[in-house]
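A.B. asks: Sharing a structure, written as structure tokens. Questions coming.
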Amino acid sequence: MTDAAILDRTALVAHARDSIARGSKSFAMASKLFDAETRERAWLLYAWCRKCDDIADGQDHGGALSGVTDGPARLADMRARTDAALRGEATGDPAFDGFGLVMRECGIPARYAHDLIDGFALDAEDWRPVSEADLLRYCYHVAGAVGCMMAVLMGVDPADEATLDRACDLGLAFQLANIARDIGEDAAAGRCYLPADWMAEMDLTPAALMTREARPRLTLLGRRLAAMAAAYEESARHGTGALPPRAAWAVLAAAGIYGDIAREVARRGGAAWDDRVVTPKREKLGWVVKAGMQVIGRARRWPSATPRPAKLWTRPR
């Protein structure tokens with residue numbers, strides 16, 4: 001009997017359910033719209049992503065970043081346990097064991113998992129983007145690759161590159177919204193994801209980014225990120241016609257809920273970083289209702305045949 005055969009799926013799902021409840025109220029709400037099987041699988045994938053993120057940043061289901069002095073060792077451990085889980089070996093960690101289970105159940109290509117870990121490696125190297133293309137490449141590694149995994153989990157053929165491009169676009173939109181919202185928190189932790197080219201255009205430096213004098217120029221960059229997020233969110237919607245109705249419902253709800261973070265950053269202007277931007281529960285519920293209505297006519301409203309805008313960055317093949 002293989003290690004995979006003796007894993008307790010029920011316990012792994014319970015752990016993953018608890019993880020998403022602690023780590024992301026937005027995704028937890030959206031996941032409830034899936035059918036039961038897809039919901040459990042989404043939880044299993046989320047728990048691994050959350051665990052890897054926490055390992056890389058020294059966190060526990062998000063929260064304040066802690067100083068990590070052993071980044072290479074953490075990455076090596078993460079890669080080793082991920083590879084073991086992909087081989088079907090029990091790791092003793094429910095997040096990794098559940099990940100291996102869902103990857104096998106859904107036939108998700110392992111390269112996307114490796115691409116995500118490569119994103120954590122960039123952070124461990126204290127990497128900074130120079131250009132917009134660098135920023136989007138980073139967003140692919142830490143979020144677009146997850147979008148591709150989620151698409152396959154929801155039933156998209158791994159060979160359907162066009163639909164996977166749209167799934168990647170949603171991941172990019174989510175990450176751009178995150179970056180726009182978290183500029184202040186990242187600066188406090190010594191990180192900056194704004195491209196150096198953009199910073200030079202605004203005559204800004206990471207050290208002076210959060211000063212009162214810099215706020216008008218920072219506002220322009222926050223709105224630039226929000227506009228980019230909106231463009232990728234709109235592109236992603238054209239992939240929902242390839243999904244089963246309940247999966248499309250969850251994706252459209254998540255797109256609206258997370259898209260509102262970027263929209264709120266743009267709306268607040270210079271006050272966007274005075275306190276953390278969140279989508280209130282009543283507005284999340286509003287998106288659940290709105291997305292349910294959008295499901296019916298999604299293929300007509302966002303036809304898959306519509307060419308993906310040439311200006312958008314395209315993930316590596």
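Each chain of the structure tokens is named A, B, ... in the order shown, its residues numbered from 1; ligands are numbered from 1 in display order.
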Write out as a PDB file with N, CA and C atoms, in the first residue's frame each polymer residue whose atoms come within 10 Å of A:Arg137, counting only C-alpha atoms; drop sequence neighbours fewer than 4 positions from it.
C.D. replies:
ATOM      1  N   GLY A 119       8.260  31.887  -7.263  1.00  0.00           N
ATOM      2  CA  GLY A 119       7.873  33.223  -6.826  1.00  0.00           C
ATOM      3  C   GLY A 119       8.312  33.496  -5.404  1.00  0.00           C
ATOM      4  N   PRO A 129      11.266  44.471  -8.766  1.00  0.00           N
ATOM      5  CA  PRO A 129      11.016  44.623 -10.198  1.00  0.00           C
ATOM      6  C   PRO A 129      11.620  45.912 -10.744  1.00  0.00           C
ATOM      7  N   SER A 131      10.978  46.724 -14.234  1.00  0.00           N
ATOM      8  CA  SER A 131      10.018  47.151 -15.242  1.00  0.00           C
ATOM      9  C   SER A 131       8.626  46.602 -14.937  1.00  0.00           C
ATOM     10  N   GLU A 132       7.653  47.073 -15.696  1.00  0.00           N
ATOM     11  CA  GLU A 132       6.290  46.553 -15.552  1.00  0.00           C
ATOM     12  C   GLU A 132       6.252  45.064 -15.886  1.00  0.00           C
ATOM     13  N   ALA A 133       7.021  44.663 -16.900  1.00  0.00           N
ATOM     14  CA  ALA A 133       7.064  43.243 -17.264  1.00  0.00           C
ATOM     15  C   ALA A 133       7.609  42.402 -16.113  1.00  0.00           C
ATOM     16  N   HIS A 141       4.085  34.264 -11.028  1.00  0.00           N
ATOM     17  CA  HIS A 141       4.648  33.219 -10.179  1.00  0.00           C
ATOM     18  C   HIS A 141       3.877  33.057  -8.879  1.00  0.00           C
ATOM     19  N   VAL A 142       3.452  34.153  -8.261  1.00  0.00           N
ATOM     20  CA  VAL A 142       2.816  34.043  -6.948  1.00  0.00           C
ATOM     21  C   VAL A 142       1.291  33.967  -7.005  1.00  0.00           C
ATOM     22  N   ALA A 143       0.689  34.219  -8.175  1.00  0.00           N
ATOM     23  CA  ALA A 143      -0.777  34.192  -8.250  1.00  0.00           C
ATOM     24  C   ALA A 143      -1.314  33.652  -9.574  1.00  0.00           C
ATOM     25  N   GLY A 144      -0.715  34.023 -10.687  1.00  0.00           N
ATOM     26  CA  GLY A 144      -1.204  33.534 -11.978  1.00  0.00           C
ATOM     27  C   GLY A 144      -1.103  32.024 -12.096  1.00  0.00           C
ATOM     28  N   LEU A 172      -3.417  37.416 -11.858  1.00  0.00           N
ATOM     29  CA  LEU A 172      -2.676  38.674 -11.967  1.00  0.00           C
ATOM     30  C   LEU A 172      -3.489  39.824 -11.389  1.00  0.00           C
ATOM     31  N   TRP A 313       0.125  41.282 -20.660  1.00  0.00           N
ATOM     32  CA  TRP A 313       1.276  40.387 -20.537  1.00  0.00           C
ATOM     33  C   TRP A 313       0.798  38.946 -20.641  1.00  0.00           C
ATOM     34  N   THR A 314       1.595  38.081 -21.256  1.00  0.00           N
ATOM     35  CA  THR A 314       1.221  36.682 -21.441  1.00  0.00           C
ATOM     36  C   THR A 314       2.156  35.772 -20.650  1.00  0.00           C
ATOM     37  N   ARG A 315       1.572  34.833 -19.921  1.00  0.00           N
ATOM     38  CA  ARG A 315       2.350  33.925 -19.073  1.00  0.00           C
ATOM     39  C   ARG A 315       3.316  33.076 -19.897  1.00  0.00           C
ATOM     40  N   PRO A 316       4.395  32.595 -19.296  1.00  0.00           N
ATOM     41  CA  PRO A 316       5.330  31.711 -20.013  1.00  0.00           C
ATOM     42  C   PRO A 316       4.701  30.369 -20.291  1.00  0.00           C
TER      43      PRO A 316
END
A.B. asks: DSSP on the backbone: what in stretch 58-302 of chain A comes out helix (DSSP H, G or I), as an NGL selection string?
C.D. replies: :A and (71-86 or 94-106 or 110-124 or 132-153 or 161-181 or 183-188 or 196-201 or 206-208 or 215-237 or 240-242 or 245-271 or 281-296 or 298-301)
A.B. asks: Could you give me, as a tab-separated table, every stretch 45-101 of chain A residue with an atom at most 10 Å from stretch 145-164 of chain A, plus its closest atom pair and distance in Å to one decimal, counting only C-alpha atoms, rows ordered by chain then number?
C.D. replies:
residue	atom	partner	partner_atom	distance
A:Leu45	CA	A:Met150	CA	8.0
A:Tyr46	CA	A:Val146	CA	9.0
A:Cys49	CA	A:Val146	CA	8.2
A.B. asks: How about saving the chosen residues, all heavy atoms kept, as an mmCIF file, in the first residue's frame?
C.D. replies:
data_model
loop_
_atom_site.group_PDB
_atom_site.id
_atom_site.type_symbol
_atom_site.label_atom_id
_atom_site.label_comp_id
_atom_site.auth_asym_id
_atom_site.auth_seq_id
_atom_site.Cartn_x
_atom_site.Cartn_y
_atom_site.Cartn_z
ATOM 1 N N LEU A 45 -6.142 22.855 -2.206
ATOM 2 C CA LEU A 45 -5.125 23.623 -2.911
ATOM 3 C C LEU A 45 -4.794 24.907 -2.154
ATOM 4 O O LEU A 45 -3.623 25.276 -2.013
ATOM 5 C CB LEU A 45 -5.596 23.952 -4.333
ATOM 6 C CG LEU A 45 -4.596 24.714 -5.201
ATOM 7 C CD1 LEU A 45 -3.289 23.942 -5.347
ATOM 8 C CD2 LEU A 45 -5.205 25.018 -6.571
ATOM 9 N N TYR A 46 -5.833 25.581 -1.645
ATOM 10 C CA TYR A 46 -5.600 26.816 -0.900
ATOM 11 C C TYR A 46 -4.692 26.560 0.307
ATOM 12 O O TYR A 46 -3.787 27.353 0.583
ATOM 13 C CB TYR A 46 -6.924 27.418 -0.413
ATOM 14 C CG TYR A 46 -6.704 28.593 0.523
ATOM 15 C CD1 TYR A 46 -6.576 29.881 0.022
ATOM 16 C CD2 TYR A 46 -6.557 28.398 1.908
ATOM 17 C CE1 TYR A 46 -6.310 30.948 0.872
ATOM 18 C CE2 TYR A 46 -6.284 29.463 2.757
ATOM 19 C CZ TYR A 46 -6.169 30.734 2.242
ATOM 20 O OH TYR A 46 -5.892 31.788 3.082
ATOM 21 N N CYS A 49 -1.105 26.475 -0.679
ATOM 22 C CA CYS A 49 -0.620 27.805 -1.058
ATOM 23 C C CYS A 49 -0.393 28.667 0.181
ATOM 24 O O CYS A 49 0.625 29.357 0.301
ATOM 25 C CB CYS A 49 -1.626 28.495 -1.984
ATOM 26 S SG CYS A 49 -1.841 27.724 -3.600
#
A.B. asks: How close does stretch 60-153 of chain A get to stretch 224-229 of chain A? List, as a tab-separated table, each residue of stretch 60-153 of chain A within 12 Å, its nearest atom pair and the distance in Å to one decimal, counting only C-alpha atoms.
C.D. replies:
residue	atom	partner	partner_atom	distance
A:Glu132	CA	A:Leu225	CA	10.2
A:Leu135	CA	A:Leu225	CA	10.5
A:Leu136	CA	A:Met228	CA	10.0
A:Cys139	CA	A:Ala229	CA	11.0
A.B. asks: Using only all heavy atoms, please write the residues we just selected to a file, as a PDB file, in the first residue's frame.
C.D. replies:
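So result.pdb came out as:
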ATOM      1  N   GLU A 132       7.653  47.073 -15.696  1.00  0.00           N
ATOM      2  CA  GLU A 132       6.290  46.553 -15.552  1.00  0.00           C
ATOM      3  C   GLU A 132       6.252  45.064 -15.886  1.00  0.00           C
ATOM      4  O   GLU A 132       5.540  44.291 -15.242  1.00  0.00           O
ATOM      5  CB  GLU A 132       5.357  47.334 -16.470  1.00  0.00           C
ATOM      6  CG  GLU A 132       3.898  46.947 -16.347  1.00  0.00           C
ATOM      7  CD  GLU A 132       2.998  47.839 -17.192  1.00  0.00           C
ATOM      8  OE1 GLU A 132       3.002  49.067 -16.974  1.00  0.00           O
ATOM      9  OE2 GLU A 132       2.283  47.299 -18.065  1.00  0.00           O
ATOM     10  N   LEU A 135       7.280  43.105 -12.938  1.00  0.00           N
ATOM     11  CA  LEU A 135       6.195  43.049 -11.960  1.00  0.00           C
ATOM     12  C   LEU A 135       5.187  41.973 -12.336  1.00  0.00           C
ATOM     13  O   LEU A 135       4.767  41.163 -11.499  1.00  0.00           O
ATOM     14  CB  LEU A 135       5.501  44.405 -11.867  1.00  0.00           C
ATOM     15  CG  LEU A 135       4.166  44.446 -11.104  1.00  0.00           C
ATOM     16  CD1 LEU A 135       4.368  44.093  -9.643  1.00  0.00           C
ATOM     17  CD2 LEU A 135       3.518  45.825 -11.253  1.00  0.00           C
ATOM     18  N   LEU A 136       4.794  41.931 -13.599  1.00  0.00           N
ATOM     19  CA  LEU A 136       3.783  40.973 -14.040  1.00  0.00           C
ATOM     20  C   LEU A 136       4.325  39.552 -14.021  1.00  0.00           C
ATOM     21  O   LEU A 136       3.587  38.602 -13.726  1.00  0.00           O
ATOM     22  CB  LEU A 136       3.287  41.357 -15.430  1.00  0.00           C
ATOM     23  CG  LEU A 136       2.435  42.629 -15.432  1.00  0.00           C
ATOM     24  CD1 LEU A 136       2.264  43.159 -16.853  1.00  0.00           C
ATOM     25  CD2 LEU A 136       1.076  42.375 -14.793  1.00  0.00           C
ATOM     26  N   CYS A 139       3.941  38.538 -10.511  1.00  0.00           N
ATOM     27  CA  CYS A 139       2.529  38.265 -10.238  1.00  0.00           C
ATOM     28  C   CYS A 139       2.114  36.904 -10.790  1.00  0.00           C
ATOM     29  O   CYS A 139       1.299  36.204 -10.181  1.00  0.00           O
ATOM     30  CB  CYS A 139       1.640  39.367 -10.829  1.00  0.00           C
ATOM     31  SG  CYS A 139       1.753  40.964  -9.986  1.00  0.00           S
TER      32      CYS A 139
END
A.B. asks: Write out as a ChimeraX atom specification which residues come within 10 Å of A:Asp8 when counting only C-alpha atoms, dropping same-chain ones fewer than 6 positions away.
C.D. replies: /A:94,97-98
A.B. asks: Could you save those same residues with N, CA, C and O atoms as a short mmCIF file (atom, residue, chain, number, x, y, z; two decimals), in the first residue's frame?
C.D. replies:
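Output saved as out39.cif:
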data_model
loop_
_atom_site.label_atom_id
_atom_site.label_comp_id
_atom_site.auth_asym_id
_atom_site.auth_seq_id
_atom_site.Cartn_x
_atom_site.Cartn_y
_atom_site.Cartn_z
N PRO A 94 -0.53 18.14 6.93
CA PRO A 94 -1.79 18.03 6.18
C PRO A 94 -1.89 18.99 5.00
O PRO A 94 -2.58 18.67 4.02
N ASP A 97 0.16 17.13 2.33
CA ASP A 97 -0.50 15.87 1.97
C ASP A 97 -1.78 16.13 1.18
O ASP A 97 -2.08 15.43 0.20
N GLY A 98 -2.55 17.13 1.59
CA GLY A 98 -3.78 17.47 0.87
C GLY A 98 -3.48 17.99 -0.52
O GLY A 98 -4.22 17.71 -1.48
#
A.B. asks: If we count only C-alpha atoms, what is near A:Asp35 at a cut-off of 12 Å, once residues fewer than 6 positions away on the same chain are taken out, given as a ChimeraX atom specification?
C.D. replies: /A:41-42,154,244-250
A.B. asks: Smallest atom-to-atom distance to A:Ile108: which of A:Ala14, A:Ala180, A:Leu86, A:Ala73, using only C-alpha atoms?
C.D. replies: A:Leu86
A.B. asks: Leaving out A:Thr219 and any residue of its chain fewer than 4 positions from it, which residues lie within 6 Å of it when counting only C-alpha atoms, given as a count of residues only?
C.D. replies: 3
A.B. asks: Within 6 Å of stretch 284-307 of chain A, which residues of stretch 163-246 of chain A come that close, and what is the closest atom pair and distance in Å for each? Count only C-alpha atoms and give it as JSON lines.
C.D. replies:
{"residue": "A:His238", "atom": "CA", "partner": "A:Trp302", "partner_atom": "CA", "distance": 4.6}
{"residue": "A:Gly239", "atom": "CA", "partner": "A:Ser304", "partner_atom": "CA", "distance": 5.9}
{"residue": "A:Gly241", "atom": "CA", "partner": "A:Ala299", "partner_atom": "CA", "distance": 4.9}
A.B. asks: I need the residues from that last selection saved to file as an mmCIF file, in the first residue's frame (with N, CA and C atoms), if you can.
C.D. replies:
data_model
loop_
_atom_site.group_PDB
_atom_site.id
_atom_site.type_symbol
_atom_site.label_atom_id
_atom_site.label_comp_id
_atom_site.auth_asym_id
_atom_site.auth_seq_id
_atom_site.Cartn_x
_atom_site.Cartn_y
_atom_site.Cartn_z
ATOM 1 N N HIS A 238 -13.717 36.558 -19.608
ATOM 2 C CA HIS A 238 -13.967 35.895 -20.897
ATOM 3 C C HIS A 238 -13.634 34.403 -20.851
ATOM 4 N N GLY A 239 -13.060 33.942 -19.769
ATOM 5 C CA GLY A 239 -12.790 32.511 -19.633
ATOM 6 C C GLY A 239 -13.865 31.763 -18.878
ATOM 7 N N GLY A 241 -16.933 31.204 -19.543
ATOM 8 C CA GLY A 241 -17.828 30.373 -20.349
ATOM 9 C C GLY A 241 -17.362 28.938 -20.453
#
A.B. asks: How many Å separate atom CA of A:Asp118 from atom CA of A:Asp93?
C.D. replies: 20.9 Å
A.B. asks: So that I can see what lies close to A:Thr82, please list as a list in words the residues with an atom at most 10 Å from it, counting only C-alpha atoms and leaving out residues fewer than 6 positions away in the same chain.
C.D. replies: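 So the residues in contact are Trp48, Cys52, Ala76, Gly88, Glu89, Thr91, Ala95, Phe96, Asp97, Phe99, Gly100, Ala110, Ala113, His114 and Ile117 of chain A.
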A.B. asks: How about saving the chosen residues, all heavy atoms kept, as a short mmCIF file (atom, residue, chain, number, x, y, z; two decimals), in the first residue's frame?
C.D. replies:
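The result, written out as selection.cif:
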data_model
loop_
_atom_site.label_atom_id
_atom_site.label_comp_id
_atom_site.auth_asym_id
_atom_site.auth_seq_id
_atom_site.Cartn_x
_atom_site.Cartn_y
_atom_site.Cartn_z
N TRP A 48 -2.36 24.46 0.86
CA TRP A 48 -0.94 24.33 0.49
C TRP A 48 -0.36 25.70 0.12
O TRP A 48 0.75 26.06 0.57
CB TRP A 48 -0.78 23.36 -0.68
CG TRP A 48 0.61 23.33 -1.24
CD1 TRP A 48 1.71 22.73 -0.70
CD2 TRP A 48 1.05 23.95 -2.45
NE1 TRP A 48 2.81 22.92 -1.50
CE2 TRP A 48 2.43 23.67 -2.58
CE3 TRP A 48 0.41 24.69 -3.44
CZ2 TRP A 48 3.18 24.13 -3.66
CZ3 TRP A 48 1.15 25.15 -4.52
CH2 TRP A 48 2.52 24.87 -4.63
N CYS A 52 2.72 27.45 2.16
CA CYS A 52 3.97 27.85 1.52
C CYS A 52 4.23 29.33 1.73
O CYS A 52 5.36 29.75 2.01
CB CYS A 52 3.94 27.50 0.03
SG CYS A 52 4.02 25.73 -0.33
N ALA A 76 14.17 25.32 0.56
CA ALA A 76 14.60 23.94 0.32
C ALA A 76 13.62 22.96 0.96
O ALA A 76 13.26 21.94 0.35
CB ALA A 76 16.01 23.73 0.85
N GLY A 88 3.34 11.31 -4.15
CA GLY A 88 2.38 10.49 -3.43
C GLY A 88 2.86 10.01 -2.08
O GLY A 88 2.25 9.12 -1.49
N GLU A 89 3.93 10.61 -1.59
CA GLU A 89 4.47 10.22 -0.28
C GLU A 89 3.84 11.06 0.82
O GLU A 89 3.61 12.26 0.65
CB GLU A 89 5.99 10.42 -0.27
CG GLU A 89 6.73 9.58 -1.31
CD GLU A 89 8.20 9.97 -1.42
OE1 GLU A 89 8.66 10.78 -0.58
OE2 GLU A 89 8.87 9.48 -2.35
N THR A 91 3.82 13.32 3.94
CA THR A 91 4.83 14.25 4.48
C THR A 91 4.66 14.49 5.97
O THR A 91 5.55 15.05 6.60
CB THR A 91 4.74 15.61 3.76
OG1 THR A 91 3.52 16.25 4.13
CG2 THR A 91 4.81 15.44 2.25
N ALA A 95 -1.23 20.13 5.07
CA ALA A 95 -1.29 21.06 3.94
C ALA A 95 -0.60 20.46 2.72
O ALA A 95 -1.12 20.53 1.60
CB ALA A 95 -0.65 22.40 4.32
N PHE A 96 0.55 19.84 2.92
CA PHE A 96 1.27 19.22 1.81
C PHE A 96 0.61 17.92 1.37
O PHE A 96 0.51 17.63 0.17
CB PHE A 96 2.74 18.99 2.19
CG PHE A 96 3.56 20.25 2.22
CD1 PHE A 96 3.67 20.99 3.38
CD2 PHE A 96 4.19 20.71 1.08
CE1 PHE A 96 4.41 22.17 3.41
CE2 PHE A 96 4.94 21.88 1.10
CZ PHE A 96 5.05 22.62 2.27
N ASP A 97 0.16 17.13 2.33
CA ASP A 97 -0.50 15.87 1.97
C ASP A 97 -1.78 16.13 1.18
O ASP A 97 -2.08 15.43 0.20
CB ASP A 97 -0.82 15.07 3.23
CG ASP A 97 0.43 14.52 3.91
OD1 ASP A 97 1.49 14.47 3.24
OD2 ASP A 97 0.35 14.16 5.10
N PHE A 99 -2.40 18.74 -0.64
CA PHE A 99 -1.96 19.25 -1.94
C PHE A 99 -1.64 18.09 -2.89
O PHE A 99 -2.10 18.06 -4.04
CB PHE A 99 -0.73 20.13 -1.76
CG PHE A 99 0.11 20.32 -2.98
CD1 PHE A 99 -0.30 21.17 -4.00
CD2 PHE A 99 1.31 19.64 -3.12
CE1 PHE A 99 0.47 21.34 -5.14
CE2 PHE A 99 2.09 19.81 -4.26
CZ PHE A 99 1.67 20.66 -5.27
N GLY A 100 -0.87 17.13 -2.42
CA GLY A 100 -0.55 15.99 -3.27
C GLY A 100 -1.79 15.25 -3.71
O GLY A 100 -1.90 14.80 -4.86
N ALA A 110 2.43 19.60 -12.60
CA ALA A 110 3.29 19.97 -11.47
C ALA A 110 4.05 21.26 -11.74
O ALA A 110 4.48 21.93 -10.79
CB ALA A 110 4.27 18.84 -11.19
N ALA A 113 2.98 24.29 -9.74
CA ALA A 113 3.41 24.31 -8.33
C ALA A 113 4.85 24.79 -8.23
O ALA A 113 5.20 25.59 -7.36
CB ALA A 113 3.27 22.92 -7.71
N HIS A 114 5.69 24.31 -9.14
CA HIS A 114 7.09 24.74 -9.13
C HIS A 114 7.19 26.23 -9.46
O HIS A 114 8.03 26.94 -8.89
CB HIS A 114 7.89 23.91 -10.14
CG HIS A 114 7.96 22.46 -9.78
ND1 HIS A 114 7.89 21.45 -10.72
CD2 HIS A 114 8.07 21.84 -8.58
CE1 HIS A 114 7.97 20.28 -10.11
NE2 HIS A 114 8.08 20.48 -8.81
N ILE A 117 6.46 28.24 -6.30
CA ILE A 117 7.60 28.24 -5.37
C ILE A 117 8.72 29.15 -5.89
O ILE A 117 9.41 29.82 -5.11
CB ILE A 117 8.10 26.81 -5.12
CG1 ILE A 117 7.01 26.00 -4.40
CG2 ILE A 117 9.38 26.81 -4.29
CD1 ILE A 117 7.36 24.54 -4.18
#
A.B. asks: Taking only C-alpha atoms into account, which of A:Ala310, A:Leu220, A:Ala189, A:Ala121 comes nearest A:Arg268?
C.D. replies: A:Leu220
